[in-house]
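Chemist: Contents are PDB, C-alpha atoms; file name start.pdb:
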MODEL        1
ATOM      1  CA  MET A 150     279.109  76.026  -8.059  1.00  0.00           C
ATOM      2  CA  LYS A 151     279.419  76.701 -11.760  1.00  0.00           C
ATOM      3  CA  ILE A 152     280.187  79.491 -14.196  1.00  0.00           C
ATOM      4  CA  THR A 153     277.961  80.333 -17.154  1.00  0.00           C
ATOM      5  CA  LEU A 154     278.652  82.719 -19.999  1.00  0.00           C
ATOM      6  CA  LEU A 155     275.299  84.004 -21.251  1.00  0.00           C
ATOM      7  CA  THR A 156     275.358  85.727 -24.636  1.00  0.00           C
ATOM      8  CA  VAL A 157     272.769  87.533 -26.719  1.00  0.00           C
ATOM      9  CA  GLY A 158     272.975  86.070 -30.202  1.00  0.00           C
ATOM     10  CA  LYS A 159     274.658  82.964 -31.475  1.00  0.00           C
ATOM     11  CA  THR A 160     278.348  82.668 -32.184  1.00  0.00           C
ATOM     12  CA  ASP A 161     278.303  82.835 -35.967  1.00  0.00           C
ATOM     13  CA  LYS A 162     282.025  83.019 -36.711  1.00  0.00           C
ATOM     14  CA  ASP A 163     283.751  79.646 -36.993  1.00  0.00           C
ATOM     15  CA  TRP A 164     287.077  80.994 -35.720  1.00  0.00           C
ATOM     16  CA  VAL A 165     285.356  82.443 -32.623  1.00  0.00           C
ATOM     17  CA  ARG A 166     283.574  79.142 -31.975  1.00  0.00           C
ATOM     18  CA  GLN A 167     286.837  77.218 -32.391  1.00  0.00           C
ATOM     19  CA  GLY A 168     288.650  79.528 -29.971  1.00  0.00           C
ATOM     20  CA  MET A 169     285.863  79.285 -27.441  1.00  0.00           C
ATOM     21  CA  ASP A 170     285.727  75.497 -27.741  1.00  0.00           C
ATOM     22  CA  ILE A 171     289.441  75.212 -26.920  1.00  0.00           C
ATOM     23  CA  TYR A 172     289.115  77.142 -23.662  1.00  0.00           C
ATOM     24  CA  VAL A 173     285.704  75.757 -22.686  1.00  0.00           C
ATOM     25  CA  SER A 174     287.123  72.230 -22.907  1.00  0.00           C
ATOM     26  CA  ARG A 175     290.155  73.257 -20.821  1.00  0.00           C
ATOM     27  CA  LEU A 176     287.987  75.033 -18.243  1.00  0.00           C
ATOM     28  CA  LYS A 177     285.955  71.920 -17.553  1.00  0.00           C
ATOM     29  CA  HIS A 178     289.005  70.508 -15.742  1.00  0.00           C
ATOM     30  CA  TYR A 179     288.601  73.242 -13.117  1.00  0.00           C
ATOM     31  CA  ILE A 180     284.903  74.083 -12.797  1.00  0.00           C
ATOM     32  CA  PRO A 181     281.599  73.303 -14.490  1.00  0.00           C
ATOM     33  CA  PHE A 182     281.390  75.877 -17.284  1.00  0.00           C
ATOM     34  CA  ALA A 183     278.670  76.446 -19.883  1.00  0.00           C
ATOM     35  CA  VAL A 184     277.961  78.872 -22.691  1.00  0.00           C
ATOM     36  CA  VAL A 185     274.275  79.721 -23.129  1.00  0.00           C
ATOM     37  CA  GLU A 186     273.298  81.607 -26.261  1.00  0.00           C
ATOM     38  CA  ILE A 187     270.034  83.533 -26.328  1.00  0.00           C
ATOM     39  CA  PRO A 188     268.767  83.820 -29.919  1.00  0.00           C
ATOM     40  CA  GLU A 189     268.841  87.313 -31.386  1.00  0.00           C
ATOM     41  CA  LEU A 190     265.495  89.055 -31.695  1.00  0.00           C
ATOM     42  CA  LYS A 191     263.837  88.841 -35.087  1.00  0.00           C
ATOM     43  CA  ASN A 192     262.026  91.596 -36.997  1.00  0.00           C
ATOM     44  CA  VAL A 193     263.559  94.443 -34.982  1.00  0.00           C
ATOM     45  CA  SER A 194     263.665  97.077 -37.724  1.00  0.00           C
ATOM     46  CA  ALA A 195     260.526  98.757 -36.335  1.00  0.00           C
ATOM     47  CA  LEU A 196     261.848  98.761 -32.754  1.00  0.00           C
ATOM     48  CA  THR A 197     263.831 101.492 -31.020  1.00  0.00           C
ATOM     49  CA  LYS A 198     267.162 100.746 -29.346  1.00  0.00           C
ATOM     50  CA  ASP A 199     265.450 100.943 -25.946  1.00  0.00           C
ATOM     51  CA  GLN A 200     262.764  98.473 -27.029  1.00  0.00           C
ATOM     52  CA  ILE A 201     265.427  96.069 -28.269  1.00  0.00           C
ATOM     53  CA  LYS A 202     267.364  96.378 -24.980  1.00  0.00           C
ATOM     54  CA  MET A 203     264.146  95.826 -23.007  1.00  0.00           C
ATOM     55  CA  ARG A 204     263.207  92.666 -24.928  1.00  0.00           C
ATOM     56  CA  GLU A 205     266.740  91.294 -24.759  1.00  0.00           C
ATOM     57  CA  GLY A 206     266.774  92.149 -21.055  1.00  0.00           C
ATOM     58  CA  GLU A 207     263.646  90.086 -20.484  1.00  0.00           C
ATOM     59  CA  LEU A 208     265.309  87.114 -22.175  1.00  0.00           C
ATOM     60  CA  ILE A 209     268.482  87.580 -20.133  1.00  0.00           C
ATOM     61  CA  LEU A 210     266.566  87.744 -16.847  1.00  0.00           C
ATOM     62  CA  LYS A 211     264.595  84.590 -17.727  1.00  0.00           C
ATOM     63  CA  ASN A 212     267.935  82.750 -17.781  1.00  0.00           C
ATOM     64  CA  ILE A 213     269.066  84.007 -14.353  1.00  0.00           C
ATOM     65  CA  LYS A 214     268.161  82.375 -11.056  1.00  0.00           C
ATOM     66  CA  PRO A 215     267.551  84.609  -8.023  1.00  0.00           C
ATOM     67  CA  THR A 216     270.602  83.085  -6.348  1.00  0.00           C
ATOM     68  CA  ASP A 217     272.999  83.685  -9.266  1.00  0.00           C
ATOM     69  CA  ASP A 218     275.846  86.179  -8.995  1.00  0.00           C
ATOM     70  CA  LEU A 219     275.188  88.217 -12.151  1.00  0.00           C
ATOM     71  CA  ILE A 220     278.228  89.945 -13.670  1.00  0.00           C
ATOM     72  CA  LEU A 221     277.820  92.067 -16.786  1.00  0.00           C
ATOM     73  CA  LEU A 222     280.586  92.562 -19.336  1.00  0.00           C
ATOM     74  CA  ASP A 223     280.102  96.274 -19.785  1.00  0.00           C
ATOM     75  CA  GLU A 224     282.229  99.145 -21.035  1.00  0.00           C
ATOM     76  CA  ARG A 225     281.548 101.005 -17.771  1.00  0.00           C
ATOM     77  CA  GLY A 226     282.604  98.058 -15.646  1.00  0.00           C
ATOM     78  CA  LYS A 227     285.701  97.728 -13.533  1.00  0.00           C
ATOM     79  CA  GLU A 228     288.884  96.745 -15.339  1.00  0.00           C
ATOM     80  CA  TYR A 229     291.129  94.038 -13.894  1.00  0.00           C
ATOM     81  CA  THR A 230     294.475  92.567 -14.730  1.00  0.00           C
ATOM     82  CA  SER A 231     294.390  88.809 -15.261  1.00  0.00           C
ATOM     83  CA  VAL A 232     295.845  88.252 -11.777  1.00  0.00           C
ATOM     84  CA  GLU A 233     293.236  90.553 -10.220  1.00  0.00           C
ATOM     85  CA  LEU A 234     290.427  88.755 -12.057  1.00  0.00           C
ATOM     86  CA  ALA A 235     291.739  85.437 -10.753  1.00  0.00           C
ATOM     87  CA  LYS A 236     291.599  86.836  -7.193  1.00  0.00           C
ATOM     88  CA  VAL A 237     288.036  88.100  -7.701  1.00  0.00           C
ATOM     89  CA  ILE A 238     286.901  84.708  -8.978  1.00  0.00           C
ATOM     90  CA  GLN A 239     288.737  82.883  -6.179  1.00  0.00           C
ATOM     91  CA  ASP A 240     287.049  85.124  -3.595  1.00  0.00           C
ATOM     92  CA  LYS A 241     283.635  84.510  -5.151  1.00  0.00           C
ATOM     93  CA  ILE A 242     284.226  80.756  -5.065  1.00  0.00           C
ATOM     94  CA  SER A 243     285.510  80.852  -1.475  1.00  0.00           C
ATOM     95  CA  TYR A 244     283.203  83.381   0.135  1.00  0.00           C
ATOM     96  CA  VAL A 245     280.126  83.965  -2.023  1.00  0.00           C
ATOM     97  CA  GLY A 246     279.485  80.398  -3.112  1.00  0.00           C
ATOM     98  CA  LYS A 247     276.889  81.313  -5.749  1.00  0.00           C
ATOM     99  CA  ASP A 248     276.835  80.266  -9.370  1.00  0.00           C
ATOM    100  CA  MET A 249     278.433  82.996 -11.465  1.00  0.00           C
ATOM    101  CA  VAL A 250     276.715  84.156 -14.645  1.00  0.00           C
ATOM    102  CA  TYR A 251     278.687  86.494 -16.885  1.00  0.00           C
ATOM    103  CA  VAL A 252     276.620  88.202 -19.576  1.00  0.00           C
ATOM    104  CA  ILE A 253     277.604  89.640 -22.945  1.00  0.00           C
ATOM    105  CA  GLY A 254     274.661  91.736 -24.089  1.00  0.00           C
ATOM    106  CA  GLY A 255     273.430  92.719 -27.502  1.00  0.00           C
ATOM    107  CA  ALA A 256     274.662  95.505 -29.745  1.00  0.00           C
ATOM    108  CA  TYR A 257     272.937  98.241 -27.721  1.00  0.00           C
ATOM    109  CA  GLY A 258     273.926  97.054 -24.254  1.00  0.00           C
ATOM    110  CA  PHE A 259     271.681  96.155 -21.348  1.00  0.00           C
ATOM    111  CA  SER A 260     268.251  97.263 -20.213  1.00  0.00           C
ATOM    112  CA  ASP A 261     267.773  99.138 -16.957  1.00  0.00           C
ATOM    113  CA  ALA A 262     266.202  96.000 -15.455  1.00  0.00           C
ATOM    114  CA  VAL A 263     269.348  93.977 -16.182  1.00  0.00           C
ATOM    115  CA  TYR A 264     271.581  96.699 -14.721  1.00  0.00           C
ATOM    116  CA  GLN A 265     269.424  96.753 -11.580  1.00  0.00           C
ATOM    117  CA  ARG A 266     269.637  92.968 -11.173  1.00  0.00           C
ATOM    118  CA  ALA A 267     273.398  92.826 -11.775  1.00  0.00           C
ATOM    119  CA  ASN A 268     275.721  92.248  -8.841  1.00  0.00           C
ATOM    120  CA  SER A 269     278.702  93.782 -10.644  1.00  0.00           C
ATOM    121  CA  LYS A 270     280.122  94.882 -13.986  1.00  0.00           C
ATOM    122  CA  ILE A 271     283.509  94.225 -15.495  1.00  0.00           C
ATOM    123  CA  SER A 272     285.214  95.625 -18.579  1.00  0.00           C
ATOM    124  CA  LEU A 273     287.773  93.732 -20.614  1.00  0.00           C
ATOM    125  CA  SER A 274     289.295  96.918 -21.984  1.00  0.00           C
ATOM    126  CA  ARG A 275     288.659 100.572 -22.669  1.00  0.00           C
ATOM    127  CA  MET A 276     288.789  99.559 -26.331  1.00  0.00           C
ATOM    128  CA  THR A 277     285.694  98.277 -28.097  1.00  0.00           C
ATOM    129  CA  PHE A 278     285.645  94.703 -29.395  1.00  0.00           C
ATOM    130  CA  SER A 279     282.971  92.985 -31.452  1.00  0.00           C
ATOM    131  CA  HIS A 280     280.525  90.968 -29.386  1.00  0.00           C
ATOM    132  CA  GLN A 281     281.773  87.903 -31.230  1.00  0.00           C
ATOM    133  CA  MET A 282     285.427  88.478 -30.337  1.00  0.00           C
ATOM    134  CA  VAL A 283     284.639  89.227 -26.701  1.00  0.00           C
ATOM    135  CA  ARG A 284     283.309  85.697 -26.295  1.00  0.00           C
ATOM    136  CA  ALA A 285     286.626  84.045 -27.158  1.00  0.00           C
ATOM    137  CA  ILE A 286     288.695  86.641 -25.295  1.00  0.00           C
ATOM    138  CA  PHE A 287     286.607  86.338 -22.138  1.00  0.00           C
ATOM    139  CA  VAL A 288     286.575  82.526 -22.051  1.00  0.00           C
ATOM    140  CA  GLU A 289     290.362  82.576 -22.430  1.00  0.00           C
ATOM    141  CA  GLN A 290     290.608  85.014 -19.506  1.00  0.00           C
ATOM    142  CA  ILE A 291     288.479  82.753 -17.293  1.00  0.00           C
ATOM    143  CA  TYR A 292     290.749  79.838 -18.202  1.00  0.00           C
ATOM    144  CA  ARG A 293     293.799  82.007 -17.501  1.00  0.00           C
ATOM    145  CA  ALA A 294     292.321  82.947 -14.105  1.00  0.00           C
ATOM    146  CA  PHE A 295     292.038  79.295 -13.109  1.00  0.00           C
ATOM    147  CA  THR A 296     295.601  78.521 -14.183  1.00  0.00           C
ATOM    148  CA  ILE A 297     296.749  81.481 -12.066  1.00  0.00           C
ATOM    149  CA  MET A 298     294.758  80.212  -9.072  1.00  0.00           C
ATOM    150  CA  LYS A 299     296.324  76.770  -9.475  1.00  0.00           C
ATOM    151  CA  GLY A 300     299.851  78.138  -9.949  1.00  0.00           C
ATOM    152  CA  GLU A 301     300.142  76.551 -13.374  1.00  0.00           C
ATOM    153  CA  PRO A 302     302.635  77.883 -15.952  1.00  0.00           C
ATOM    154  CA  TYR A 303     300.150  79.268 -18.504  1.00  0.00           C
ATOM    155  CA  HIS A 304     300.286  82.897 -17.342  1.00  0.00           C
ATOM    156  CA  HIS A 305     303.584  84.802 -17.324  1.00  0.00           C
ATOM    157  CA  GLU A 306     304.193  87.975 -15.342  1.00  0.00           C
TER
ENDMDL
END
Let me see the file written as structure tokens.
Modeler:
Amino acid sequence: MKITLLTVGKTDKDWVRQGMDIYVSRLKHYIPFAVVEIPELKNVSALTKDQIKMREGELILKNIKPTDDLILLDERGKEYTSVELAKVIQDKISYVGKDMVYVIGGAYGFSDAVYQRANSKISLSRMTFSHQMVRAIFVEQIYRAFTIMKGEPYHHE
């Protein structure tokens, strides 16, 4: 079992990359973890938002296996506390046993095809964050979840 963070677009901010690298390296002590970046579409000025979402959706779905547990980071997803997220991940590891793929979509969200394939949606906050920032925040939350599961002193209630 492994966890993958699939993102549309490359991480182009050094401080985001540095933050992600810290928590990705820490996470590898608990579970195989990878970040997969799908390149942004080129020459999209003539495309509608729906066309962009559809093309990005095709690229997302090409990176998903039929057996993957696909979880979208989406503003309409369920919100969890860090402790609740740890419980959700622990339950998935214990009872579902599938590789987990969390996806951060492009600027316009996900296509209908991606929503239909998704097993669930989560939201980090009711606030809006840049897609760059979400990457570092989310990887830290996955790391935090594993420290909670292991009873380690990183998280404080």
Chemist: I'd like the residues picked by the PyMOL selection byres ((chain A and resi 217) around 10) written out as a count of residues only, using the chain letters and numbers from the file.
Modeler: 20
Chemist: Which residues come within 12 Å of Asp161 in chain A, counting all atoms listed in the file, excluding same-chain residues fewer than 2 positions away, as an NGL selection string?
Modeler: :A and (157-159 or 163-167 or 169 or 186 or 188-189 or 280-282 or 284)
Chemist: With all atoms listed in the file as the basis for distance, which of A:Thr197, A:Leu273, A:Tyr292, A:Glu224 is at the shortest distance from Pro181 in chain A?
Modeler: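 Of the candidates, the smallest distance to Pro181 in chain A is held by A:Tyr292.
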Chemist: Tell me which residues the PyMOL selection byres ((chain A and resi 260) around 6) grabs here, as a PyMOL selection string.
Modeler: chain A and resi 202-203+206+259+261-263
Chemist: Pull C-alpha atoms from the residues just selected and write them as a compact mmCIF listing (two decimals), in the frame of the given file.
Modeler:
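Okay, this is what ended up in selection-v3.txt:
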# COMPACT_ATOMS: atom_id res chain seq x y z
CA LYS A 202 267.36 96.38 -24.98
CA MET A 203 264.15 95.83 -23.01
CA GLY A 206 266.77 92.15 -21.06
CA PHE A 259 271.68 96.16 -21.35
CA ASP A 261 267.77 99.14 -16.96
CA ALA A 262 266.20 96.00 -15.46
CA VAL A 263 269.35 93.98 -16.18
Chemist: For the structure shown, which residues end up in the PyMOL selection byres ((chain A and resi 179) around 10)? Put them as a ChimeraX atom specification, please?
Modeler: /A:151,174-178,180-182,292,295-296,299
Chemist: Those same residues - C-alpha atoms - I'd like them written as a short mmCIF file (atom, residue, chain, number, x, y, z; two decimals), keeping the file's coordinate frame.
Modeler:
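And here's selection-v5.cif as it stands now:
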data_model
loop_
_atom_site.label_atom_id
_atom_site.label_comp_id
_atom_site.auth_asym_id
_atom_site.auth_seq_id
_atom_site.Cartn_x
_atom_site.Cartn_y
_atom_site.Cartn_z
CA LYS A 151 279.42 76.70 -11.76
CA SER A 174 287.12 72.23 -22.91
CA ARG A 175 290.15 73.26 -20.82
CA LEU A 176 287.99 75.03 -18.24
CA LYS A 177 285.96 71.92 -17.55
CA HIS A 178 289.00 70.51 -15.74
CA ILE A 180 284.90 74.08 -12.80
CA PRO A 181 281.60 73.30 -14.49
CA PHE A 182 281.39 75.88 -17.28
CA TYR A 292 290.75 79.84 -18.20
CA PHE A 295 292.04 79.30 -13.11
CA THR A 296 295.60 78.52 -14.18
CA LYS A 299 296.32 76.77 -9.48
#
Chemist: Rank nothing, just name the residue among A:Leu155, A:Met276, A:Val245, A:Val173 nearest to Gln290 in chain A, using only C-alpha atoms.
Modeler: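 Among the listed residues, A:Val173 lies closest to Gln290 in chain A.
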Chemist: Could you pull the residues within 12 Å of Ala235 in chain A, counting only C-alpha atoms, minus those fewer than 2 positions along the same chain, as a list in words?
Modeler: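 Neighbouring residues, sequence-local ones excluded: Tyr229, Thr230, Ser231, Val232, Glu233, Val237, Ile238, Gln239, Asp240, Lys241, Ile242, Gln290, Ile291, Tyr292, Arg293, Ala294, Phe295, Thr296, Ile297, Met298, Lys299, Gly300 and His304 of chain A.
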Chemist: Can you rebuild range 193-229 of chain A with N, CA and C atoms and give it as a CSV table (one decimal), in the coordinates of the input?
Modeler:
chain,number,residue,atom,x,y,z
A,193,VAL,N,263.3,93.3,-35.9
A,193,VAL,CA,263.6,94.4,-35.0
A,193,VAL,C,263.6,95.8,-35.7
A,194,SER,N,263.5,95.8,-37.0
A,194,SER,CA,263.7,97.1,-37.7
A,194,SER,C,262.7,98.2,-37.3
A,195,ALA,N,261.5,97.8,-36.8
A,195,ALA,CA,260.5,98.8,-36.3
A,195,ALA,C,260.7,99.1,-34.9
A,196,LEU,N,261.7,98.5,-34.2
A,196,LEU,CA,261.8,98.8,-32.8
A,196,LEU,C,262.9,99.8,-32.5
A,197,THR,N,262.8,100.6,-31.4
A,197,THR,CA,263.8,101.5,-31.0
A,197,THR,C,264.9,100.7,-30.3
A,198,LYS,N,266.1,101.4,-30.1
A,198,LYS,CA,267.2,100.7,-29.3
A,198,LYS,C,266.7,100.4,-27.9
A,199,ASP,N,265.9,101.2,-27.3
A,199,ASP,CA,265.4,100.9,-25.9
A,199,ASP,C,264.5,99.7,-25.9
A,200,GLN,N,263.7,99.6,-27.0
A,200,GLN,CA,262.8,98.5,-27.0
A,200,GLN,C,263.5,97.2,-27.2
A,201,ILE,N,264.6,97.2,-28.1
A,201,ILE,CA,265.4,96.1,-28.3
A,201,ILE,C,266.1,95.7,-27.0
A,202,LYS,N,266.7,96.7,-26.3
A,202,LYS,CA,267.4,96.4,-25.0
A,202,LYS,C,266.4,95.8,-24.0
A,203,MET,N,265.1,96.3,-23.9
A,203,MET,CA,264.1,95.8,-23.0
A,203,MET,C,263.8,94.4,-23.3
A,204,ARG,N,263.6,94.1,-24.6
A,204,ARG,CA,263.2,92.7,-24.9
A,204,ARG,C,264.4,91.7,-24.7
A,205,GLU,N,265.6,92.1,-25.0
A,205,GLU,CA,266.7,91.3,-24.8
A,205,GLU,C,266.9,91.1,-23.3
A,206,GLY,N,266.7,92.2,-22.5
A,206,GLY,CA,266.8,92.1,-21.1
A,206,GLY,C,265.8,91.1,-20.5
A,207,GLU,N,264.6,91.1,-21.0
A,207,GLU,CA,263.6,90.1,-20.5
A,207,GLU,C,264.2,88.7,-20.7
A,208,LEU,N,264.8,88.4,-21.9
A,208,LEU,CA,265.3,87.1,-22.2
A,208,LEU,C,266.5,86.8,-21.3
A,209,ILE,N,267.3,87.8,-21.0
A,209,ILE,CA,268.5,87.6,-20.1
A,209,ILE,C,268.0,87.2,-18.7
A,210,LEU,N,267.1,88.0,-18.2
A,210,LEU,CA,266.6,87.7,-16.8
A,210,LEU,C,265.8,86.4,-16.7
A,211,LYS,N,265.2,85.9,-17.8
A,211,LYS,CA,264.6,84.6,-17.7
A,211,LYS,C,265.6,83.5,-17.5
A,212,ASN,N,266.9,83.7,-17.9
A,212,ASN,CA,267.9,82.8,-17.8
A,212,ASN,C,268.8,82.9,-16.5
A,213,ILE,N,268.3,83.8,-15.6
A,213,ILE,CA,269.1,84.0,-14.4
A,213,ILE,C,268.2,83.5,-13.2
A,214,LYS,N,268.8,82.8,-12.3
A,214,LYS,CA,268.2,82.4,-11.1
A,214,LYS,C,268.3,83.5,-10.0
A,215,PRO,N,267.4,83.6,-9.1
A,215,PRO,CA,267.6,84.6,-8.0
A,215,PRO,C,268.8,84.5,-7.2
A,216,THR,N,269.4,83.3,-7.2
A,216,THR,CA,270.6,83.1,-6.3
A,216,THR,C,271.9,83.3,-7.1
A,217,ASP,N,271.8,83.5,-8.4
A,217,ASP,CA,273.0,83.7,-9.3
A,217,ASP,C,273.7,85.0,-9.0
A,218,ASP,N,275.0,85.0,-9.0
A,218,ASP,CA,275.8,86.2,-9.0
A,218,ASP,C,276.0,86.7,-10.4
A,219,LEU,N,275.3,87.7,-10.8
A,219,LEU,CA,275.2,88.2,-12.2
A,219,LEU,C,276.2,89.3,-12.4
A,220,ILE,N,277.1,89.0,-13.3
A,220,ILE,CA,278.2,89.9,-13.7
A,220,ILE,C,278.1,90.3,-15.1
A,221,LEU,N,278.0,91.6,-15.4
A,221,LEU,CA,277.8,92.1,-16.8
A,221,LEU,C,279.2,92.4,-17.4
A,222,LEU,N,279.4,92.1,-18.6
A,222,LEU,CA,280.6,92.6,-19.3
A,222,LEU,C,280.1,93.9,-20.0
A,223,ASP,N,280.6,95.0,-19.4
A,223,ASP,CA,280.1,96.3,-19.8
A,223,ASP,C,281.2,97.3,-19.9
A,224,GLU,N,281.2,98.2,-20.8
A,224,GLU,CA,282.2,99.1,-21.0
A,224,GLU,C,282.4,100.0,-19.8
A,225,ARG,N,281.4,100.2,-19.0
A,225,ARG,CA,281.5,101.0,-17.8
A,225,ARG,C,281.9,100.2,-16.5
A,226,GLY,N,282.2,98.9,-16.8
A,226,GLY,CA,282.6,98.1,-15.6
A,226,GLY,C,284.0,98.3,-15.2
A,227,LYS,N,284.4,97.6,-14.1
A,227,LYS,CA,285.7,97.7,-13.5
A,227,LYS,C,286.7,96.9,-14.4
A,228,GLU,N,287.8,97.5,-14.6
A,228,GLU,CA,288.9,96.7,-15.3
A,228,GLU,C,289.8,96.0,-14.4
A,229,TYR,N,290.2,94.8,-14.7
A,229,TYR,CA,291.1,94.0,-13.9
A,229,TYR,C,292.3,93.5,-14.7
